[in-house]
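Peer 1: Quick one: the structure is below, questions incoming.
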Amino acid sequence: MICIDFKIPVSYDHIHGHRTKIHRLPRDTLPEYVEVAIPLKSDEPSLYENILSHTSALGLFDLPAVYAQQPNQRVKGALSTASAPDESTEPEYCELIKLCRSYYHEVAKVLPSLSMLTLRAIASSGELQKALFRAPQELSIIDKYANFMGRFIVFLCRHMKQPLPNFSVILHSDHAQNLTALLSSFQSPGADNDSWLDLLHAMIFSLLTTSTPEFLVSEWKDLFTLFLVALHLINDHGNTTRVSSLVPPNISQAQWCFRVTSAQVILRHLDQFAGDSFTAYETLVKPYLTDGRLTLFTCLRQKMALLSLLAYDELTLPRFMWNATYDVLSIDGFPITLSHFRQSIEFTIGNMRAKFEALFRGCRYDDIIGYVASRTDPVDNLNWFHDHPQNSTQGSSVFNEPGNNFAQYSSRLIKHLARDVTHQKCLVART
């Protein structure tokens with residue numbers, strides 16, 4: 001017991017280094033006692049390690065087997081076939097995508113040589129459209145479209161080389177023959193760029209002209225729909241990007257590429273039709289671009305309507321809108337009076353802060369809140385936290401994603417509680 005003579009003015013020199021708490025009585029009355037917290041020597045790391053070993057022995061952090069997901073090799077395999085090729089492991093596929101860019105740039109330059117009627121026909125899938133089929137003005141857009149078609153061809157090549165047992169991508173014999181010839185040409189020392197372009201052109205046009213029996217029986221067996229499903233399952237945008245901004249534009253890219261290939265077919269056979277490009281269109285191309293028979297392109301047009309409808313119905317992040325006087329905030333069309341909204345937010349934040357204070361028992365956490373704020377800036381979306389949708393590992397979340405750097409805070413609270421347990425022993429000193 002420590003005795004303090006309160007006749008001597010109390011100063012902090014008497015209890016230097018100790019935390020004190022003076023219980024005050026009515027005015028002009030001396031305090032009855034003083035609590036002095038005396039720090040005791042302890043092996044904090046050892047206590048912290050004992051806590052972790054004890055929780056580990058209890059299996060506190062074990063993942064319950066009842067929630068474990070069975071590994072789905074079908075989905076993972078399909079996703080890998082739709083991914084972009086790696087220059088170090090798949091150089092031939094990277095060359096194929098470069099070849100696609102060269103091919104579509106070359107054809108886009110000569111599109112104006114076709115008659116206006118032919119260009120209107122190429123842009124039409126039923127009745128003749130008024131607008132002409134043309135290339136985008138920016139070359140980067142053509143690169144984007146060509147890269148997309150290249151990814152599709154790489155997808156087919158991977159499934160031809162190594163078919164997946166539970167994700168059937170069935171190729172017509174013409175498709176397989178053209179793909180094999182194209183890939184073999186990259187290994188041929190005598191092949192040049194023109195021969196590669198010819199093989200690529202034949203490959204893409206065969207996708208329009210030939211269909212497998214399985215596809216004719218079931219429209220969902222068409223090659224491009226299978227690619228589209230696998231491609232959009234590997235995106236990492238989650239619900240921060242509208243699905244409608246991904247699916248319909250990708251289908252439009254494919255449609256443009258197939259129409260360009262059809263234009264190239266017409267240009268290559270003009271001599272057979274005495275330079276009449278429209279007759280060449282009706283003879284060589286029209287049956288595969290317009291409604292009337294089941295082809296990859298006509299099926300793609302049908303899926304465009306269905307998949308776009310599904311995409312636009314997908315729930316997204318809420319949309320906010322102010323009224324003219326900035327006193328009513330609408331969230332997805334539901335109005336909220338700002339004064340009430342502010343009171344609600346302030347009450348919620350105050351309530352949460354009180355619960356944080358009770359939970360953290362004096363542990364510092366303001367820097368954690370600051371870190372979260374720095375990673376959720378609305379105008380800096382490249383710095384947002386990542387939560388990969390395709391990661392189905394049990395226990396995975398935004399908090400244990402390595403790039404989010406939450407691990408640096410994971411043991412702070414338990415270490416603080418270990419210090420709190422060893423240091424908070426009070427000695428009561430009474431007068």
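By order of appearance in the structure tokens: chains A, B, ..., then residues from 1 within every chain, and ligands from 1 in the order shown.
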Report as a list of chain:residue names: the residues of region 111-335 of chain A with a DSSP assignment of strand (DSSP E or B), based on the backbone of this structure.
Peer 2: A:Leu164, A:Phe167, A:Phe320, A:Met321, A:Trp322, A:Val328, A:Leu329, A:Ser330, A:Ile331, A:Phe334, A:Pro335
Peer 1: Please, which residues of region 313-400 of chain A, numbered as in this document, come out alpha helix (DSSP H) from DSSP, as a ChimeraX atom specification?
Peer 2: /A:313,338-360,366-374
Peer 1: With C-alpha atoms retained, could you export that selection as a PDB file, in the first residue's frame?
Peer 2:
```
ATOM      1  CA  ASP A 313     -31.663  -5.496 -65.625  1.00  0.00           C
ATOM      2  CA  LEU A 338     -31.282  16.282 -46.519  1.00  0.00           C
ATOM      3  CA  SER A 339     -31.824  17.496 -42.957  1.00  0.00           C
ATOM      4  CA  HIS A 340     -33.282  14.128 -41.937  1.00  0.00           C
ATOM      5  CA  PHE A 341     -30.615  12.306 -43.881  1.00  0.00           C
ATOM      6  CA  ARG A 342     -27.841  14.250 -42.167  1.00  0.00           C
ATOM      7  CA  GLN A 343     -29.307  13.600 -38.721  1.00  0.00           C
ATOM      8  CA  SER A 344     -29.520   9.899 -39.524  1.00  0.00           C
ATOM      9  CA  ILE A 345     -25.926   9.780 -40.733  1.00  0.00           C
ATOM     10  CA  GLU A 346     -24.648  11.706 -37.698  1.00  0.00           C
ATOM     11  CA  PHE A 347     -26.559   9.423 -35.330  1.00  0.00           C
ATOM     12  CA  THR A 348     -25.253   6.295 -37.076  1.00  0.00           C
ATOM     13  CA  ILE A 349     -21.656   7.529 -37.079  1.00  0.00           C
ATOM     14  CA  GLY A 350     -21.891   8.534 -33.412  1.00  0.00           C
ATOM     15  CA  ASN A 351     -23.367   5.189 -32.470  1.00  0.00           C
ATOM     16  CA  MET A 352     -20.672   3.328 -34.405  1.00  0.00           C
ATOM     17  CA  ARG A 353     -17.902   5.416 -32.829  1.00  0.00           C
ATOM     18  CA  ALA A 354     -19.231   4.640 -29.339  1.00  0.00           C
ATOM     19  CA  LYS A 355     -19.228   0.934 -30.148  1.00  0.00           C
ATOM     20  CA  PHE A 356     -15.721   1.198 -31.571  1.00  0.00           C
ATOM     21  CA  GLU A 357     -14.507   2.884 -28.400  1.00  0.00           C
ATOM     22  CA  ALA A 358     -16.042   0.143 -26.259  1.00  0.00           C
ATOM     23  CA  LEU A 359     -14.599  -2.597 -28.452  1.00  0.00           C
ATOM     24  CA  PHE A 360     -11.097  -1.181 -28.859  1.00  0.00           C
ATOM     25  CA  ASP A 366      -7.860   6.584 -36.302  1.00  0.00           C
ATOM     26  CA  ASP A 367      -5.041   5.743 -38.730  1.00  0.00           C
ATOM     27  CA  ILE A 368      -7.027   2.693 -39.913  1.00  0.00           C
ATOM     28  CA  ILE A 369     -10.026   4.904 -40.665  1.00  0.00           C
ATOM     29  CA  GLY A 370      -7.710   7.300 -42.478  1.00  0.00           C
ATOM     30  CA  TYR A 371      -6.271   4.462 -44.545  1.00  0.00           C
ATOM     31  CA  VAL A 372      -9.760   3.260 -45.548  1.00  0.00           C
ATOM     32  CA  ALA A 373     -10.682   6.824 -46.507  1.00  0.00           C
ATOM     33  CA  SER A 374      -7.562   7.116 -48.683  1.00  0.00           C
TER      34      SER A 374
END
```
Peer 1: Excluding Leu156 (chain A) and any residue of its chain fewer than 3 positions from it, enumerate the residues within 9 Å of it, using only C-alpha atoms, and give them as a list in words.
Peer 2: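 That gives Thr81, Arg151, Phe152, Ile153, His159, Met160, Lys161, Val169, Leu171, His175, Ala176, Leu179, Leu223 and Phe227 of chain A.
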Peer 1: Just to be explicit: take each residue in the selection above, keep C-alpha atoms, and write the result as a compact mmCIF listing (two decimals), in the first residue's frame.
Peer 2:
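Dumped everything to again22.txt:
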```
# COMPACT_ATOMS: atom_id res chain seq x y z
CA THR A 81 -8.97 -20.38 -71.83
CA ARG A 151 -8.84 -13.29 -77.93
CA PHE A 152 -11.77 -15.24 -79.40
CA ILE A 153 -9.51 -17.10 -81.84
CA HIS A 159 -9.86 -25.72 -76.71
CA MET A 160 -8.70 -27.40 -79.93
CA LYS A 161 -5.33 -28.26 -78.37
CA VAL A 169 -16.32 -26.19 -77.34
CA LEU A 171 -15.25 -27.12 -83.62
CA HIS A 175 -12.47 -24.59 -88.14
CA ALA A 176 -9.92 -27.08 -86.83
CA LEU A 179 -6.72 -23.08 -86.98
CA LEU A 223 -18.74 -20.78 -80.19
CA PHE A 227 -16.41 -17.46 -75.24
```
Peer 1: Can you tell me, as number ranges by chain, what residues are no more than 10 Å from region 136-144 of chain A when counting only C-alpha atoms, ignoring any on the same chain fewer than 2 positions away?
Peer 2: A: 97-98, 100-102, 104-105, 108, 133-134, 146-150, 253, 256-257
Peer 1: Between CA of Trp220 (chain A) and CA of Tyr103 (chain A), what is the distance in Å, rounded to a tenth?
Peer 2: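 Computing it gives 28.9 Å between the two atoms.
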Peer 1: Would you mind reading off the distance between CA of Leu296 (chain A) and CA of Tyr93 (chain A), one decimal, in Å?
Peer 2: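 Atom-to-atom, CA of Leu296 (chain A) and CA of Tyr93 (chain A) are spaced 22.9 Å apart.
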Peer 1: Mind giving me the straight-line distance from CA of His172 (chain A) to CA of Leu111 (chain A) in Å, one decimal?
Peer 2: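 Straight-line distance from CA of His172 (chain A) to CA of Leu111 (chain A) works out to 29.6 Å.
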Peer 1: Of the residues A:Leu246, A:Leu417, A:Leu231, A:Leu307, which is the one nearest to Ile51 (chain A), using only C-alpha atoms?
Peer 2: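 Ranking A:Leu246, A:Leu417, A:Leu231, A:Leu307 by distance to Ile51 (chain A), first place goes to A:Leu417.
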Peer 1: Counting only C-alpha atoms, what is within 12 Å of Glu90 (chain A), bar same-chain residues fewer than 6 positions away, as a list in words?
Peer 2: Thr81, Ser83, Ala84, Leu96, Ile97, Val154, Cys157, Arg158 and Leu183 of chain A
Peer 1: Within 8 Å of Ala280 (chain A), counting only C-alpha atoms, which residues show up once you throw out same-chain ones fewer than 3 positions away? Write them as a VMD selection string, please.
Peer 2: chain A and resid 266 269 to 270 273 276 to 277 283 to 285
Peer 1: May I have the residues from that selection written out with all heavy atoms, as a short mmCIF file (atom, residue, chain, number, x, y, z; two decimals), in the first residue's frame?
Peer 2:
```cif
data_model
loop_
_atom_site.label_atom_id
_atom_site.label_comp_id
_atom_site.auth_asym_id
_atom_site.auth_seq_id
_atom_site.Cartn_x
_atom_site.Cartn_y
_atom_site.Cartn_z
N ILE A 266 -15.76 -9.86 -100.28
CA ILE A 266 -16.26 -9.19 -101.50
C ILE A 266 -15.12 -8.60 -102.30
O ILE A 266 -15.05 -8.76 -103.54
CB ILE A 266 -17.28 -8.10 -101.11
CG1 ILE A 266 -18.49 -8.73 -100.44
CG2 ILE A 266 -17.71 -7.29 -102.33
CD1 ILE A 266 -19.44 -7.71 -99.82
N HIS A 269 -13.08 -11.08 -104.38
CA HIS A 269 -13.74 -11.80 -105.47
C HIS A 269 -14.44 -10.85 -106.45
O HIS A 269 -15.33 -11.26 -107.19
CB HIS A 269 -14.76 -12.80 -104.91
CG HIS A 269 -14.14 -13.91 -104.12
ND1 HIS A 269 -13.83 -13.79 -102.79
CD2 HIS A 269 -13.75 -15.16 -104.49
CE1 HIS A 269 -13.30 -14.92 -102.35
NE2 HIS A 269 -13.23 -15.77 -103.36
N LEU A 270 -14.06 -9.59 -106.44
CA LEU A 270 -14.70 -8.63 -107.35
C LEU A 270 -14.52 -9.01 -108.81
O LEU A 270 -15.43 -8.81 -109.64
CB LEU A 270 -14.14 -7.22 -107.10
CG LEU A 270 -14.78 -6.42 -105.95
CD1 LEU A 270 -14.11 -5.07 -105.81
CD2 LEU A 270 -16.28 -6.25 -106.19
N PHE A 273 -17.16 -11.04 -110.48
CA PHE A 273 -18.47 -10.42 -110.69
C PHE A 273 -18.34 -9.12 -111.47
O PHE A 273 -19.20 -8.23 -111.36
CB PHE A 273 -19.14 -10.15 -109.34
CG PHE A 273 -19.40 -11.40 -108.53
CD1 PHE A 273 -18.44 -11.88 -107.64
CD2 PHE A 273 -20.58 -12.12 -108.70
CE1 PHE A 273 -18.67 -13.04 -106.91
CE2 PHE A 273 -20.81 -13.27 -107.97
CZ PHE A 273 -19.85 -13.74 -107.07
N ASP A 276 -18.81 -5.80 -109.79
CA ASP A 276 -20.11 -5.48 -109.16
C ASP A 276 -20.08 -5.98 -107.71
O ASP A 276 -20.34 -7.14 -107.42
CB ASP A 276 -21.23 -6.15 -109.94
CG ASP A 276 -22.62 -5.75 -109.41
OD1 ASP A 276 -22.68 -5.05 -108.38
OD2 ASP A 276 -23.62 -6.16 -110.03
N SER A 277 -19.80 -5.05 -106.78
CA SER A 277 -19.64 -5.45 -105.39
C SER A 277 -20.97 -5.87 -104.75
O SER A 277 -20.98 -6.74 -103.88
CB SER A 277 -19.02 -4.30 -104.58
OG SER A 277 -19.85 -3.16 -104.61
N THR A 283 -24.25 -12.81 -103.38
CA THR A 283 -23.88 -14.19 -103.67
C THR A 283 -23.04 -14.82 -102.57
O THR A 283 -23.28 -15.97 -102.17
CB THR A 283 -23.12 -14.25 -105.01
OG1 THR A 283 -23.90 -13.64 -106.05
CG2 THR A 283 -22.80 -15.69 -105.38
N LEU A 284 -22.06 -14.08 -102.08
CA LEU A 284 -21.05 -14.66 -101.20
C LEU A 284 -21.30 -14.40 -99.71
O LEU A 284 -20.88 -15.21 -98.88
CB LEU A 284 -19.66 -14.12 -101.57
CG LEU A 284 -19.19 -14.35 -103.00
CD1 LEU A 284 -17.87 -13.65 -103.24
CD2 LEU A 284 -19.07 -15.84 -103.28
N VAL A 285 -21.94 -13.31 -99.37
CA VAL A 285 -21.96 -12.87 -97.98
C VAL A 285 -23.36 -12.82 -97.37
O VAL A 285 -23.55 -13.19 -96.20
CB VAL A 285 -21.29 -11.46 -97.87
CG1 VAL A 285 -21.45 -10.88 -96.48
CG2 VAL A 285 -19.82 -11.56 -98.25
#
```
Peer 1: Compile the contact shell of Ala131 (chain A) as a list in words: residues with an atom at most 12 Å away, counting only C-alpha atoms, same-chain residues fewer than 3 positions apart removed.
Peer 2: Met116, Leu117, Thr118, Leu119, Arg120, Ala121, Ile122, Ala123, Ser124, Glu127, Leu128 and Arg134 of chain A
Peer 1: Store the residues of this selection in a file with all heavy atoms, as an mmCIF file, in the first residue's frame.
Peer 2:
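Written out: part-v6.cif:
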```
data_model
loop_
_atom_site.group_PDB
_atom_site.id
_atom_site.type_symbol
_atom_site.label_atom_id
_atom_site.label_comp_id
_atom_site.auth_asym_id
_atom_site.auth_seq_id
_atom_site.Cartn_x
_atom_site.Cartn_y
_atom_site.Cartn_z
ATOM 1 N N MET A 116 -21.642 2.443 -102.173
ATOM 2 C CA MET A 116 -22.459 2.854 -101.035
ATOM 3 C C MET A 116 -23.567 1.845 -100.775
ATOM 4 O O MET A 116 -23.901 1.545 -99.618
ATOM 5 C CB MET A 116 -23.045 4.239 -101.274
ATOM 6 C CG MET A 116 -21.992 5.343 -101.378
ATOM 7 S SD MET A 116 -22.695 6.978 -101.709
ATOM 8 C CE MET A 116 -23.724 7.203 -100.277
ATOM 9 N N LEU A 117 -24.146 1.290 -101.847
ATOM 10 C CA LEU A 117 -25.206 0.303 -101.680
ATOM 11 C C LEU A 117 -24.679 -0.950 -100.984
ATOM 12 O O LEU A 117 -25.350 -1.520 -100.109
ATOM 13 C CB LEU A 117 -25.798 -0.068 -103.046
ATOM 14 C CG LEU A 117 -26.942 -1.096 -103.030
ATOM 15 C CD1 LEU A 117 -28.143 -0.557 -102.246
ATOM 16 C CD2 LEU A 117 -27.344 -1.461 -104.459
ATOM 17 N N THR A 118 -23.471 -1.349 -101.352
ATOM 18 C CA THR A 118 -22.872 -2.537 -100.724
ATOM 19 C C THR A 118 -22.581 -2.286 -99.248
ATOM 20 O O THR A 118 -22.834 -3.156 -98.404
ATOM 21 C CB THR A 118 -21.580 -2.918 -101.453
ATOM 22 O OG1 THR A 118 -21.868 -3.138 -102.841
ATOM 23 C CG2 THR A 118 -20.983 -4.189 -100.868
ATOM 24 N N LEU A 119 -22.069 -1.106 -98.941
ATOM 25 C CA LEU A 119 -21.780 -0.776 -97.547
ATOM 26 C C LEU A 119 -23.065 -0.705 -96.727
ATOM 27 O O LEU A 119 -23.080 -1.107 -95.552
ATOM 28 C CB LEU A 119 -21.016 0.540 -97.467
ATOM 29 C CG LEU A 119 -19.584 0.521 -98.030
ATOM 30 C CD1 LEU A 119 -18.972 1.916 -98.012
ATOM 31 C CD2 LEU A 119 -18.713 -0.449 -97.244
ATOM 32 N N ARG A 120 -24.138 -0.199 -97.309
ATOM 33 C CA ARG A 120 -25.429 -0.208 -96.601
ATOM 34 C C ARG A 120 -25.899 -1.637 -96.363
ATOM 35 O O ARG A 120 -26.436 -1.956 -95.295
ATOM 36 C CB ARG A 120 -26.473 0.553 -97.408
ATOM 37 C CG ARG A 120 -26.286 2.067 -97.441
ATOM 38 C CD ARG A 120 -27.266 2.700 -98.399
ATOM 39 N NE ARG A 120 -28.654 2.368 -98.010
ATOM 40 C CZ ARG A 120 -29.706 2.558 -98.822
ATOM 41 N NH1 ARG A 120 -29.530 3.026 -100.062
ATOM 42 N NH2 ARG A 120 -30.914 2.261 -98.405
ATOM 43 N N ALA A 121 -25.681 -2.499 -97.345
ATOM 44 C CA ALA A 121 -26.118 -3.892 -97.217
ATOM 45 C C ALA A 121 -25.308 -4.619 -96.139
ATOM 46 O O ALA A 121 -25.861 -5.407 -95.364
ATOM 47 C CB ALA A 121 -25.982 -4.603 -98.561
ATOM 48 N N ILE A 122 -24.004 -4.358 -96.089
ATOM 49 C CA ILE A 122 -23.173 -5.014 -95.080
ATOM 50 C C ILE A 122 -23.601 -4.599 -93.680
ATOM 51 O O ILE A 122 -23.556 -5.407 -92.736
ATOM 52 C CB ILE A 122 -21.688 -4.677 -95.323
ATOM 53 C CG1 ILE A 122 -21.204 -5.316 -96.631
ATOM 54 C CG2 ILE A 122 -20.817 -5.155 -94.159
ATOM 55 C CD1 ILE A 122 -19.787 -4.933 -97.013
ATOM 56 N N ALA A 123 -24.035 -3.346 -93.528
ATOM 57 C CA ALA A 123 -24.471 -2.856 -92.224
ATOM 58 C C ALA A 123 -25.859 -3.348 -91.850
ATOM 59 O O ALA A 123 -26.302 -3.134 -90.718
ATOM 60 C CB ALA A 123 -24.455 -1.328 -92.205
ATOM 61 N N SER A 124 -26.556 -4.011 -92.759
ATOM 62 C CA SER A 124 -27.940 -4.435 -92.531
ATOM 63 C C SER A 124 -27.993 -5.923 -92.216
ATOM 64 O O SER A 124 -27.180 -6.709 -92.697
ATOM 65 C CB SER A 124 -28.798 -4.152 -93.763
ATOM 66 O OG SER A 124 -28.656 -2.802 -94.184
ATOM 67 N N GLU A 127 -33.888 -5.453 -93.362
ATOM 68 C CA GLU A 127 -34.129 -4.405 -94.345
ATOM 69 C C GLU A 127 -32.878 -3.559 -94.529
ATOM 70 O O GLU A 127 -32.089 -3.376 -93.608
ATOM 71 C CB GLU A 127 -35.293 -3.523 -93.894
ATOM 72 C CG GLU A 127 -36.621 -4.262 -93.805
ATOM 73 C CD GLU A 127 -37.757 -3.338 -93.398
ATOM 74 O OE1 GLU A 127 -37.476 -2.127 -93.199
ATOM 75 O OE2 GLU A 127 -38.890 -3.813 -93.271
ATOM 76 N N LEU A 128 -32.741 -3.002 -95.732
ATOM 77 C CA LEU A 128 -31.561 -2.221 -96.078
ATOM 78 C C LEU A 128 -31.498 -0.961 -95.218
ATOM 79 O O LEU A 128 -32.455 -0.184 -95.153
ATOM 80 C CB LEU A 128 -31.580 -1.850 -97.558
ATOM 81 C CG LEU A 128 -30.243 -1.441 -98.185
ATOM 82 C CD1 LEU A 128 -29.259 -2.590 -98.112
ATOM 83 C CD2 LEU A 128 -30.447 -1.000 -99.627
ATOM 84 N N ARG A 134 -18.869 1.477 -91.898
ATOM 85 C CA ARG A 134 -17.587 2.167 -91.990
ATOM 86 C C ARG A 134 -16.709 1.791 -90.806
ATOM 87 O O ARG A 134 -17.185 1.224 -89.821
ATOM 88 C CB ARG A 134 -17.798 3.683 -92.034
ATOM 89 C CG ARG A 134 -18.474 4.262 -90.799
ATOM 90 C CD ARG A 134 -18.710 5.751 -90.991
ATOM 91 N NE ARG A 134 -19.699 5.993 -92.028
ATOM 92 C CZ ARG A 134 -19.817 7.137 -92.682
ATOM 93 N NH1 ARG A 134 -18.959 8.114 -92.432
ATOM 94 N NH2 ARG A 134 -20.742 7.295 -93.597
#
```
